[in-house]
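Q: Structure below; questions to follow.
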Amino acid sequence: MTTHVLILDDDPSIIEILTASLSSGKYSCVSVQTGAEALARLREKTFDVLVADVVLGESSGIEVAREAKMLQPEIVIVVMTGTTEIELAIEAIRIGADDYILKPFRLSGITVAIERGLERRELIREVM
């Protein structure tokens, strides 16, 4: 089964690295650079995972993640940031993020965060 991943980051090099790394047989990636683009994609298609930068030029990845949870309640959210402000991590978890990754990140850390979130989602489905 293919996992559909939406990548949101305003840095094209991060998008390129994540897309190249995750676009294996298991993941199908769509990437966008703005919060507005991400929300438009989320309204068009169902995604399993949102990987979002917290600090974007024109919007907040936290706000996009909050909207994503309203549009697609079962979506797994992994947020990334280059800042170590604990308040951002707390806010991300409050809005329903499954994991919080600091930049610079290891690609294996992103994959582990995604898989852990997907496993958690399956466990919740089984209980419900």
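By order in the structure tokens, chains are A, B, ...; within a chain, residues start at 1; ligands start at 1, following the order shown.
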Taking the DSSP secondary structure from the backbone, can you list the residues of stretch 6-66 of chain A that are helix (DSSP H, G or I), as a PyMOL selection string?
A: chain A and resi 12-22+35-44+61-66
Q: Residues near A:Ser28, anyone? I mean within 12 Å using only C-alpha atoms, not counting same-chain ones fewer than 6 positions away, as a list in words.
A: Met1, Thr2, Thr3, His4, Val5, Leu6, Ile7, Leu18, Thr19, Ala20, Ser21, Leu22, Phe47, Asp48, Val49 and Leu50 of chain A
Q: Here is a test: counting only C-alpha atoms, which residue of A:Ile110, A:Ile62, A:Ile75, A:Ile14 is nearest to A:Ile95?
A: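 Once distances to A:Ile95 are computed over only C-alpha atoms, the minimum belongs to A:Ile62.
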Q: Compare A:Asp9, A:Glu16, A:Glu67, A:Glu85 by their minimum atom-to-atom distance to A:Gln33, counting only C-alpha atoms, and give me the closest one.
A: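 Using only C-alpha atoms, A:Gln33 sits closest to A:Asp9.
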Q: Have a look at A:Glu44, A:Glu74, A:Glu119, A:Asp10 and name the one nearest to A:Ser60; count only C-alpha atoms.
A: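 Of A:Glu44, A:Glu74, A:Glu119, A:Asp10, the one nearest A:Ser60 is A:Asp10, counting only C-alpha atoms.
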Q: Considering only C-alpha atoms, can you say which of A:Asp11, A:Glu37, A:Glu122, A:Glu87 comes closest to A:Ala68?
A: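 Distance minimum relative to A:Ala68 lands on A:Glu37.
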Q: So that I can see what lies close to A:Ser59, please list as a tab-separated table (two decimals) with C-alpha atoms, in the first residue's frame the residues with an atom at most 12 Å from it, counting only C-alpha atoms and leaving out residues fewer than 2 positions away in the same chain.
A:
```tsv
chain	number	residue	atom	x	y	z
A	8	LEU	CA	5.32	21.64	3.04
A	9	ASP	CA	8.51	23.70	3.24
A	10	ASP	CA	9.45	27.09	1.82
A	33	GLN	CA	6.06	25.74	-0.69
A	34	THR	CA	3.20	27.72	0.86
A	35	GLY	CA	0.51	27.12	3.42
A	36	ALA	CA	-2.17	28.14	0.91
A	37	GLU	CA	-0.92	25.52	-1.56
A	38	ALA	CA	-0.90	22.87	1.17
A	39	LEU	CA	-4.48	23.63	2.19
A	52	ALA	CA	5.42	20.58	7.50
A	53	ASP	CA	7.98	23.21	8.35
A	54	VAL	CA	6.81	25.31	11.30
A	55	VAL	CA	8.25	28.61	10.09
A	56	LEU	CA	7.09	29.57	6.62
A	57	GLY	CA	7.47	32.90	4.86
A	61	GLY	CA	3.13	25.51	9.63
A	62	ILE	CA	1.31	25.16	12.95
A	63	GLU	CA	-1.75	26.90	11.50
A	64	VAL	CA	-1.60	24.73	8.38
A	65	ALA	CA	-1.33	21.61	10.56
```
Q: From chain A, collect each residue whose DSSP state is strand (DSSP E) and return the set as number ranges by chain.
A: A: 3-8, 27-32, 49-53, 76-81, 99-102
Q: Output the selection as a short mmCIF file (atom, residue, chain, number, x, y, z; two decimals), in the first residue's frame - C-alpha atoms for each residue.
A:
```cif
data_model
loop_
_atom_site.label_atom_id
_atom_site.label_comp_id
_atom_site.auth_asym_id
_atom_site.auth_seq_id
_atom_site.Cartn_x
_atom_site.Cartn_y
_atom_site.Cartn_z
CA THR A 3 1.49 6.11 1.73
CA HIS A 4 0.52 9.54 0.39
CA VAL A 5 2.74 12.28 1.85
CA LEU A 6 2.30 16.04 1.52
CA ILE A 7 5.55 17.94 2.12
CA LEU A 8 5.32 21.64 3.04
CA TYR A 27 5.71 6.73 -0.33
CA SER A 28 4.09 8.92 -2.95
CA CYS A 29 5.05 12.55 -2.34
CA VAL A 30 3.50 15.85 -3.32
CA SER A 31 5.42 18.97 -2.32
CA VAL A 32 4.33 22.58 -1.88
CA VAL A 49 0.94 12.21 6.20
CA LEU A 50 1.75 15.92 6.31
CA VAL A 51 5.40 16.84 6.85
CA ALA A 52 5.42 20.58 7.50
CA ASP A 53 7.98 23.21 8.35
CA VAL A 76 -0.39 11.98 10.55
CA ILE A 77 1.47 15.25 11.08
CA VAL A 78 5.22 15.59 11.45
CA VAL A 79 6.42 19.16 11.97
CA MET A 80 9.98 20.35 11.42
CA THR A 81 11.75 23.48 12.58
CA ASP A 99 6.06 14.24 16.01
CA TYR A 100 8.37 17.25 16.11
CA ILE A 101 11.72 17.14 14.29
CA LEU A 102 14.55 19.67 14.67
#
```
Q: May I ask which of the residues A:Arg120, A:Arg43, A:Arg125, A:Arg106 is the closest one to A:Met70, counting only C-alpha atoms?
A: A:Arg43
Q: Quick one, how far is atom CA of A:Thr84 from atom CA of A:Ala40?
A: 29.1 Å
